[in-house]
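Undergrad: I am sharing protein-v9.cif, which consists of mmCIF, C-alpha atoms:
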```cif
data_structure
loop_
_atom_site.label_atom_id
_atom_site.label_comp_id
_atom_site.auth_asym_id
_atom_site.auth_seq_id
_atom_site.Cartn_x
_atom_site.Cartn_y
_atom_site.Cartn_z
CA MET A 1 6.43 169.76 233.77
CA ASN A 2 5.56 170.08 237.41
CA ILE A 3 2.19 171.54 236.61
CA PHE A 4 1.36 168.58 234.40
CA HIS A 5 2.69 166.34 237.12
CA SER A 6 0.16 167.69 239.59
CA LEU A 7 -2.60 166.97 237.06
CA ARG A 8 -1.57 163.32 237.10
CA ILE A 9 -1.48 163.29 240.88
CA SER A 10 -5.03 164.63 241.09
CA ALA A 11 -6.15 162.12 238.48
CA SER A 12 -4.72 159.27 240.56
CA GLY A 13 -6.65 160.60 243.56
CA LEU A 14 -9.90 160.66 241.57
CA SER A 15 -9.33 157.15 240.33
CA ALA A 16 -8.53 155.77 243.78
CA GLU A 17 -11.55 157.37 245.42
CA ARG A 18 -13.76 156.03 242.64
CA VAL A 19 -12.54 152.48 243.35
CA ARG A 20 -13.22 153.05 247.04
CA LEU A 21 -16.72 154.26 246.31
CA ASP A 22 -17.35 151.21 244.10
CA THR A 23 -16.22 148.90 246.89
CA ILE A 24 -18.43 150.69 249.40
CA SER A 25 -21.42 150.45 247.01
CA ALA A 26 -20.82 146.73 246.61
CA ASN A 27 -20.72 146.34 250.38
CA ILE A 28 -23.99 148.22 250.83
CA ALA A 29 -25.69 146.33 248.03
CA ASN A 30 -24.61 142.99 249.53
CA ALA A 31 -25.29 143.86 253.15
CA ASN A 32 -27.78 141.02 253.46
CA THR A 33 -26.32 138.49 251.03
CA THR A 34 -26.28 135.19 252.90
CA ARG A 35 -24.98 133.00 250.09
CA THR A 36 -22.26 133.50 247.53
CA GLU A 37 -20.68 131.35 244.81
CA LYS A 38 -17.76 130.56 247.08
CA GLY A 39 -20.14 129.41 249.79
CA GLY A 40 -20.90 131.31 252.97
CA ALA A 41 -22.15 134.85 253.24
CA TYR A 42 -20.71 137.95 251.52
CA ARG A 43 -17.57 139.26 253.26
CA ARG A 44 -17.03 143.00 253.49
CA GLN A 45 -14.48 144.23 250.98
CA VAL A 46 -11.90 146.95 251.57
CA ALA A 47 -9.89 148.83 248.95
CA LEU A 48 -6.29 149.27 250.06
CA LEU A 49 -4.68 152.55 249.12
CA ALA A 50 -0.96 153.34 249.10
CA SER A 51 0.87 156.53 248.21
CA VAL A 52 3.08 156.31 245.13
CA GLU A 53 6.72 157.33 245.42
CA ASN A 54 8.90 156.25 242.54
CA GLU A 55 12.43 156.39 243.87
CA ASP A 56 13.94 154.37 241.09
CA SER A 57 12.92 156.06 237.86
CA PHE A 58 15.40 158.34 236.12
CA LYS A 59 12.85 161.08 235.70
CA SER A 60 12.20 161.27 239.42
CA ALA A 61 15.93 161.47 240.15
CA LEU A 62 16.22 164.32 237.68
CA ARG A 63 13.28 166.11 239.21
CA LYS A 64 14.69 165.73 242.69
CA ALA A 65 18.07 167.09 241.62
CA GLN A 66 16.49 170.18 240.17
CA SER A 67 13.84 171.10 242.66
CA ASN A 68 14.15 169.09 245.88
CA MET A 69 10.74 167.65 245.18
CA PRO A 70 10.36 164.13 246.53
CA PRO A 71 9.27 161.68 243.83
CA VAL A 72 5.61 161.65 244.80
CA ASP A 73 3.13 160.49 242.25
CA GLY A 74 -0.22 160.47 243.97
CA VAL A 75 -1.98 157.37 245.18
CA ARG A 76 -2.90 153.95 243.87
CA VAL A 77 -5.15 151.10 244.86
CA VAL A 78 -2.91 148.24 245.90
CA GLY A 79 -5.69 145.71 246.01
CA ILE A 80 -9.18 144.89 247.18
CA VAL A 81 -9.14 142.52 250.13
CA GLU A 82 -11.74 140.95 252.35
CA ASP A 83 -12.30 142.29 255.81
CA PRO A 84 -11.31 139.51 258.22
CA SER A 85 -13.52 140.74 261.07
CA PRO A 86 -16.13 138.24 262.32
CA MET A 87 -19.42 137.76 260.51
CA LYS A 88 -22.74 138.51 262.13
CA MET A 89 -24.59 135.43 263.36
CA VAL A 90 -28.36 135.65 263.64
CA TYR A 91 -30.49 132.92 265.16
CA ASP A 92 -33.16 131.92 262.60
CA PRO A 93 -33.68 128.15 262.19
CA THR A 94 -36.38 128.69 259.54
CA HIS A 95 -33.94 130.40 257.13
CA PRO A 96 -32.85 128.21 254.18
CA ASP A 97 -29.18 129.13 254.85
CA ALA A 98 -29.26 128.30 258.55
CA ASN A 99 -26.46 126.00 259.76
CA GLU A 100 -26.98 122.99 262.00
CA ASP A 101 -27.20 125.20 265.12
CA GLY A 102 -29.93 127.32 263.54
CA TYR A 103 -27.70 130.36 263.01
CA VAL A 104 -27.56 132.24 259.74
CA GLU A 105 -24.28 133.89 258.78
CA TYR A 106 -24.80 137.53 257.71
CA PRO A 107 -22.20 139.80 256.09
CA ASN A 108 -19.91 141.78 258.41
CA VAL A 109 -21.15 144.99 256.80
CA ASP A 110 -22.26 147.87 259.03
CA ILE A 111 -24.45 150.12 256.90
CA MET A 112 -23.78 153.22 259.01
CA LYS A 113 -20.06 152.76 258.77
CA GLU A 114 -20.29 152.25 255.01
CA MET A 115 -22.35 155.43 254.61
CA VAL A 116 -19.75 157.45 256.51
CA GLU A 117 -17.01 155.95 254.35
CA ALA A 118 -19.03 156.84 251.27
CA ILE A 119 -19.27 160.46 252.39
CA THR A 120 -15.53 160.58 253.09
CA ALA A 121 -14.72 159.13 249.69
CA SER A 122 -17.08 161.52 248.01
CA ARG A 123 -15.60 164.57 249.74
CA ALA A 124 -12.11 163.46 248.85
CA TYR A 125 -13.24 163.03 245.25
CA GLU A 126 -14.61 166.58 245.19
CA ALA A 127 -11.43 167.97 246.72
CA ASN A 128 -9.40 166.29 243.98
CA VAL A 129 -11.68 167.72 241.30
CA THR A 130 -11.16 171.18 242.77
CA ALA A 131 -7.39 170.60 242.74
CA LEU A 132 -7.52 169.56 239.09
CA ASN A 133 -9.49 172.65 238.08
CA SER A 134 -7.14 174.82 240.08
CA THR A 135 -4.13 173.37 238.24
CA LYS A 136 -5.79 174.02 234.90
CA SER A 137 -6.60 177.63 235.77
CA MET A 138 -3.04 178.32 236.95
CA PHE A 139 -1.66 176.85 233.76
CA LEU A 140 -3.97 178.80 231.45
CA LYS A 141 -3.28 182.05 233.29
CA THR A 142 0.47 181.53 232.90
CA LEU A 143 0.02 181.33 229.16
CA GLU A 144 -1.43 184.83 229.18
CA ILE A 145 1.76 186.41 230.49
CA GLY A 146 3.13 187.39 227.13
CA LYS A 147 -0.12 188.54 225.55
CA ASN A 148 -0.71 192.27 225.26
CA MET B 1 19.13 191.50 229.45
CA ILE B 2 15.65 192.35 230.68
CA ARG B 3 16.28 191.01 234.13
CA THR B 4 15.07 193.30 236.83
CA GLN B 5 15.00 192.22 240.43
CA MET B 6 11.22 192.35 240.35
CA VAL B 7 11.01 189.82 237.53
CA ASP B 8 13.51 187.58 239.35
CA VAL B 9 11.66 187.67 242.64
CA LEU B 10 8.30 187.04 240.99
CA GLN B 11 9.72 184.13 239.03
CA LYS B 12 11.26 182.53 242.13
CA ALA B 13 8.00 183.01 243.99
CA MET B 14 6.17 181.30 241.14
CA ASP B 15 8.62 178.40 241.31
CA GLY B 16 7.85 178.02 245.00
CA SER B 17 4.12 178.30 244.43
CA VAL B 18 4.16 175.53 241.81
CA VAL B 19 6.04 173.16 244.13
CA LYS B 20 3.58 173.97 246.91
CA HIS B 21 0.68 173.28 244.55
CA THR B 22 2.12 169.89 243.65
CA ALA B 23 2.58 169.04 247.33
CA ILE B 24 -1.00 170.06 248.17
CA THR B 25 -2.46 168.02 245.30
CA ASN B 26 -0.46 165.03 246.48
CA ASN B 27 -1.81 165.51 250.00
CA LEU B 28 -5.36 165.66 248.63
CA ALA B 29 -4.87 162.56 246.47
CA ASN B 30 -3.66 160.71 249.58
CA VAL B 31 -6.25 162.06 251.99
CA ASN B 32 -7.53 158.52 252.65
CA THR B 33 -4.24 156.62 252.48
CA PRO B 34 -3.46 154.94 255.80
CA GLY B 35 -0.20 156.10 257.34
CA TYR B 36 0.39 158.93 254.87
CA LYS B 37 2.03 162.05 256.33
CA LYS B 38 1.42 165.34 254.58
CA LEU B 39 4.02 167.33 252.67
CA GLU B 40 4.68 170.96 253.52
CA VAL B 41 6.45 173.55 251.38
CA SER B 42 7.96 176.86 252.45
CA PHE B 43 9.83 179.40 250.39
CA GLN B 44 8.73 182.91 251.32
CA ASP B 45 11.04 183.22 254.33
CA ALA B 46 14.00 182.05 252.29
CA LEU B 47 13.08 184.56 249.57
CA SER B 48 12.97 187.51 251.99
CA GLU B 49 16.20 186.31 253.48
CA ALA B 50 17.77 186.34 250.04
CA LEU B 51 16.60 189.89 249.45
CA GLU B 52 17.36 191.38 252.86
CA PRO B 53 19.79 189.28 254.84
CA GLN B 54 19.25 189.50 258.57
CA GLN B 55 22.54 189.65 260.34
CA LYS B 56 21.86 186.73 262.63
CA LEU B 57 25.37 185.32 262.78
CA LYS B 58 27.81 186.95 265.12
CA ARG B 59 30.93 188.01 263.39
CA THR B 60 34.22 187.69 265.21
CA LYS B 61 35.83 190.21 262.86
CA PRO B 62 34.00 192.97 261.04
CA LYS B 63 35.27 191.83 257.66
CA HIS B 64 33.79 188.33 257.86
CA LEU B 65 30.66 187.90 255.80
CA PRO B 66 27.57 186.29 257.30
CA VAL B 67 26.15 183.27 255.51
CA ALA B 68 23.86 184.68 252.85
CA VAL B 69 21.24 183.13 250.64
CA SER B 70 21.25 184.27 247.05
CA LEU B 71 18.23 184.30 244.78
CA ASP B 72 19.84 181.65 242.61
CA ASP B 73 20.20 179.16 245.44
CA PRO B 74 18.45 175.92 244.39
CA ASN B 75 17.42 175.24 247.99
CA LEU B 76 15.21 178.31 248.19
CA VAL B 77 12.12 176.10 248.11
CA GLN B 78 12.03 173.70 251.04
CA ILE B 79 9.85 170.62 251.14
CA ARG B 80 9.43 168.51 254.23
CA ARG B 81 7.16 165.83 255.64
CA ASP B 82 4.99 166.82 258.55
CA THR B 83 5.46 163.74 260.74
CA SER B 84 3.19 164.87 263.54
CA THR B 85 0.70 162.34 264.83
CA SER B 86 -2.87 162.71 263.79
CA LEU B 87 -6.26 162.42 265.41
CA ARG B 88 -7.31 159.74 262.94
CA ASN B 89 -6.83 156.05 263.68
CA ASP B 90 -5.47 155.30 260.22
CA GLY B 91 -2.34 157.37 260.92
CA ASN B 92 -3.07 159.87 258.14
CA ASN B 93 -2.59 163.52 259.17
CA VAL B 94 -4.14 165.24 256.15
CA ASP B 95 -7.12 167.45 256.96
CA VAL B 96 -9.11 167.75 253.74
CA ASP B 97 -10.55 171.14 254.73
CA MET B 98 -7.21 172.69 255.64
CA GLU B 99 -5.60 171.36 252.47
CA SER B 100 -8.46 172.61 250.29
CA ALA B 101 -8.16 176.04 251.87
CA ALA B 102 -4.40 175.99 251.32
CA LEU B 103 -5.04 175.02 247.70
CA ALA B 104 -7.36 177.99 247.17
CA GLU B 105 -4.96 180.38 248.89
CA ASN B 106 -1.98 179.19 246.88
CA GLN B 107 -3.94 179.37 243.64
CA LEU B 108 -4.92 182.98 244.27
CA TYR B 109 -1.32 183.74 245.26
CA PHE B 110 -0.05 182.25 242.01
CA LEU B 111 -2.63 184.07 239.88
CA SER B 112 -1.68 187.34 241.59
CA LEU B 113 1.99 186.70 240.82
CA VAL B 114 1.10 186.14 237.17
CA GLN B 115 -0.83 189.40 237.14
CA LEU B 116 2.02 191.35 238.76
CA LEU B 117 4.52 189.84 236.37
CA SER B 118 2.38 190.83 233.38
CA SER B 119 2.21 194.38 234.73
CA GLU B 120 5.95 194.56 235.22
CA LEU B 121 6.61 193.26 231.72
CA SER B 122 4.16 195.66 230.10
CA LEU B 123 5.81 198.47 232.06
CA LEU B 124 9.14 197.48 230.56
CA ARG B 125 7.57 197.10 227.15
CA ALA B 126 6.06 200.59 227.33
CA SER B 127 9.36 202.13 228.38
CA ILE B 128 11.13 200.43 225.48
CA THR B 129 8.65 201.32 222.78
CA GLU B 130 8.01 204.77 224.27
CA GLY B 131 4.30 204.23 223.93
CA LYS B 132 4.41 203.70 220.18
CA ARG B 133 3.45 200.30 218.76
CA MET C 1 21.93 195.29 232.02
CA ASN C 2 19.45 197.39 233.91
CA ILE C 3 16.83 198.74 231.55
CA TYR C 4 16.69 202.07 233.33
CA ASP C 5 20.35 202.66 232.53
CA ILE C 6 19.69 202.26 228.86
CA ALA C 7 16.25 203.84 228.59
CA MET C 8 17.54 207.36 229.23
CA PRO C 9 20.32 207.27 226.64
CA VAL C 10 18.03 205.64 224.10
CA SER C 11 15.45 208.39 224.34
CA THR C 12 17.91 211.26 224.33
CA GLY C 13 20.44 209.78 221.92
CA VAL C 14 23.30 210.39 224.32
CA PRO C 15 25.66 207.44 224.98
CA VAL C 16 25.94 206.02 228.49
CA ASN C 17 29.44 207.24 229.33
CA SER C 18 29.21 210.57 227.55
CA THR C 19 30.57 212.67 230.41
CA SER C 20 34.01 211.04 230.49
CA GLN C 21 34.69 209.81 226.98
CA ASN C 22 33.50 212.41 224.52
CA ALA C 23 36.41 211.82 222.17
CA LYS C 24 35.39 208.21 221.56
CA VAL C 25 31.72 208.79 220.66
CA PRO C 26 31.51 206.80 217.37
CA GLY C 27 33.24 203.72 218.90
CA GLN C 28 30.93 203.99 221.92
CA PHE C 29 27.79 203.49 219.84
CA GLY C 30 29.22 200.57 217.94
CA GLN C 31 30.45 198.87 221.03
CA MET C 32 27.15 199.40 222.83
CA LEU C 33 25.27 197.90 219.91
CA GLN C 34 27.63 194.93 219.76
CA GLU C 35 27.19 194.17 223.43
CA ALA C 36 23.44 194.53 223.20
CA LEU C 37 23.34 192.15 220.24
CA ALA C 38 25.41 189.57 222.10
CA LYS C 39 23.08 189.71 225.08
CA VAL C 40 19.96 189.52 222.94
CA ASN C 41 21.39 186.52 221.14
CA ASN C 42 21.99 184.84 224.48
CA ASP C 43 18.48 185.59 225.67
CA ILE C 44 16.93 184.25 222.48
CA LEU C 45 18.99 181.07 222.63
CA THR C 46 18.04 180.52 226.26
CA ALA C 47 14.36 181.06 225.49
CA GLU C 48 14.52 178.65 222.57
CA GLN C 49 16.28 176.01 224.62
CA LEU C 50 13.69 176.26 227.37
CA ALA C 51 10.84 176.06 224.86
CA GLN C 52 12.41 172.99 223.30
CA ASP C 53 12.89 171.31 226.67
CA PHE C 54 9.28 172.02 227.53
CA ALA C 55 8.10 170.57 224.22
CA LEU C 56 10.15 167.44 224.89
CA GLY C 57 8.59 167.03 228.31
CA LYS C 58 11.73 167.75 230.27
CA ASN C 59 11.70 169.26 233.71
CA VAL C 60 11.02 172.95 232.95
CA GLU C 61 8.19 174.96 234.37
CA LEU C 62 5.79 176.62 231.97
CA HIS C 63 6.24 180.00 233.61
CA GLN C 64 9.99 179.81 233.10
CA VAL C 65 9.45 179.29 229.37
CA VAL C 66 6.90 182.10 229.06
CA ILE C 67 8.98 184.59 231.05
CA ALA C 68 12.16 183.77 229.11
CA ALA C 69 10.31 184.19 225.81
CA GLU C 70 8.94 187.55 226.89
CA GLN C 71 12.36 188.69 228.11
CA ALA C 72 13.95 187.71 224.80
CA ASN C 73 11.23 189.56 222.90
CA LEU C 74 11.67 192.73 224.95
CA ALA C 75 15.45 192.52 224.65
CA LEU C 76 15.15 192.32 220.88
CA GLN C 77 12.77 195.26 220.75
CA LEU C 78 15.11 197.26 222.95
CA THR C 79 18.05 196.52 220.69
CA ILE C 80 16.04 197.53 217.64
CA GLN C 81 15.18 200.81 219.31
CA ILE C 82 18.83 201.37 220.18
CA ARG C 83 19.74 200.76 216.57
CA ASN C 84 17.04 203.18 215.42
CA LYS C 85 18.28 205.88 217.77
CA ILE C 86 21.84 205.40 216.65
CA LEU C 87 20.77 205.66 213.02
CA ASP C 88 18.73 208.76 213.75
CA ALA C 89 21.67 210.35 215.54
CA TYR C 90 23.96 209.48 212.63
CA GLN C 91 21.57 210.91 210.07
CA GLU C 92 21.14 214.02 212.15
CA ILE C 93 24.86 214.53 212.20
CA MET C 94 25.16 213.87 208.44
CA ARG C 95 22.50 216.47 207.77
CA MET C 96 24.51 219.17 209.51
CA GLN C 97 25.96 221.65 207.12
CA VAL C 98 29.60 222.28 207.54
#
```
Show how you would write the structure in this file as structure tokens.

TA:
Amino acid sequence: MNIFHSLRISASGLSAERVRLDTISANIANANTTRTEKGGAYRRQVALLASVENEDSFKSALRKAQSNMPPVDGVRVVGIVEDPSPMKMVYDPTHPDANEDGYVEYPNVDIMKEMVEAITASRAYEANVTALNSTKSMFLKTLEIGKN
Amino acid sequence: MIRTQMVDVLQKAMDGSVVKHTAITNNLANVNTPGYKKLEVSFQDALSEALEPQQKLKRTKPKHLPVAVSLDDPNLVQIRRDTSTSLRNDGNNVDVDMESAALAENQLYFLSLVQLLSSELSLLRASITEGKR
Amino acid sequence: MNIYDIAMPVSTGVPVNSTSQNAKVPGQFGQMLQEALAKVNNDILTAEQLAQDFALGKNVELHQVVIAAEQANLALQLTIQIRNKILDAYQEIMRMQV
């Protein structure tokens, strides 16, 4: 069962990195969005990841008793929250969204930073794909033990 | 009945390799999780210890036995958290390149064990059937 | 049971403890076969239990299942060969003209 277990772990990694990449894409696409439905400019969004460790399920207790393996189950996205860092203020009194001081509020999105994050997420995604393929190959090879 | 030491050792090594694989995949899944500390697995030292005990303990009397590890010991495979600090500011100490390399190495190790086990079993099979089918 | 202990007697038809207990030769074969059958039975039951646990998703590794199945298979083949050798030896003896 441990081999299947590691398939699920890799799958959770793929899923989490995909959510991260989606969030980053949304940030890049909205880097210059000065008005939203809620009012105000677009706020940068961050996907929060947390590692999964199920202490309380029976299965994990059984697994731990038999093989000392801690009850790790990959990663999950806990939520998507807004980045509270300050927005960029640009002086442009002619802009339709300018406030009374003539400043326009722009999203707190740094394109360079988002690109780096995108590369990180993408590399992590690839590493998880490699892990998944590796698990499959180990499993299939094991099945060949008995064959002549 | 068909339990040679070779089959035993290979099987225990495969057990260890599978646990290591699970730990590495968990590290890779959590490569971007803030605060995550990577898991490390070791079993080869314990395995050699089980096969050839080093007489590390001093014996006060010659008839006392040193503490020995047997092949059937469930704690042969050791898993621990590497709590060292990292160079990243999110507190995560997983290096995706090191872990990917470890994954490849462990995979090749496992596949070699499978191969060696198959050879050992076909050796036994040949000696039983005396070459006839 | 170490296979190398049994492989020699199987191929030559001589029981394991022939040097010291020549007078008990017929009982020796029977007893050896009985013990072998008991061990094979054990191996097969273990392999089946592991396979069942795996099918039910319990905490067994695939390689444990495969290795146990192969060991049970080889044990059975070994026992069959032992039986064949014993039969051959018996028939050989029966063919001897008194």

Undergrad: What does the distance between atom CA of A:Ala47 and atom CA of A:Ser6 come to in Å, to one decimal place?

TA: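 According to the coordinates, atom CA of A:Ala47 and atom CA of A:Ser6 are separated by 23.3 Å.
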
Undergrad: Give as a ChimeraX atom specification the residues that the PyMOL selection byres ((chain C and resi 50-64) around 12) matches when applied to the coordinates above.

TA: /A:1-5,58-67,69,138-146 /B:7-8,10-19,110-111,113-114,117-118 /C:43-49,65-72

Undergrad: Of the candidates C:Ile80, C:Ala75, C:Val98, C:Ile86, which one gets nearest to chain B if we count all atoms listed in the file?

TA: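 Among the listed residues, the smallest separation from chain B belongs to C:Ala75.
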
Undergrad: Which value, in Å to one decimal, gives the distance between atom CA of B:Asn26 and atom CA of B:Ala50?

TA: 28.3 Å

Undergrad: Which polymer residues, whether protein, DNA or RNA, lie within 12 Å of the coordinate (-2.9, 154.6, 248.9) when you count all atoms listed in the file? List them as JSON, numbers by chain, using the chain letters and numbers from the file.

TA: {"A": [9, 12, 13, 14, 15, 16, 17, 19, 20, 47, 48, 49, 50, 51, 52, 53, 72, 73, 74, 75, 76, 77, 78, 79, 80], "B": [26, 27, 28, 29, 30, 31, 32, 33, 34, 35, 36, 37, 90, 92]}

Undergrad: Report as a ChimeraX atom specification the residues that result from applying the PyMOL selection byres ((chain B and resi 44) around 9) to the structure here.

TA: /B:13,16,42-43,45-49,76-77

Undergrad: Assuming the chain letters and numbering stay as they are in my file, what does the PyMOL selection byres ((chain B) within 8 of (chain C)) actually select? List them as a PyMOL selection string.

TA: chain B and resi 1-4+11+14-15+121+124-125+127-129
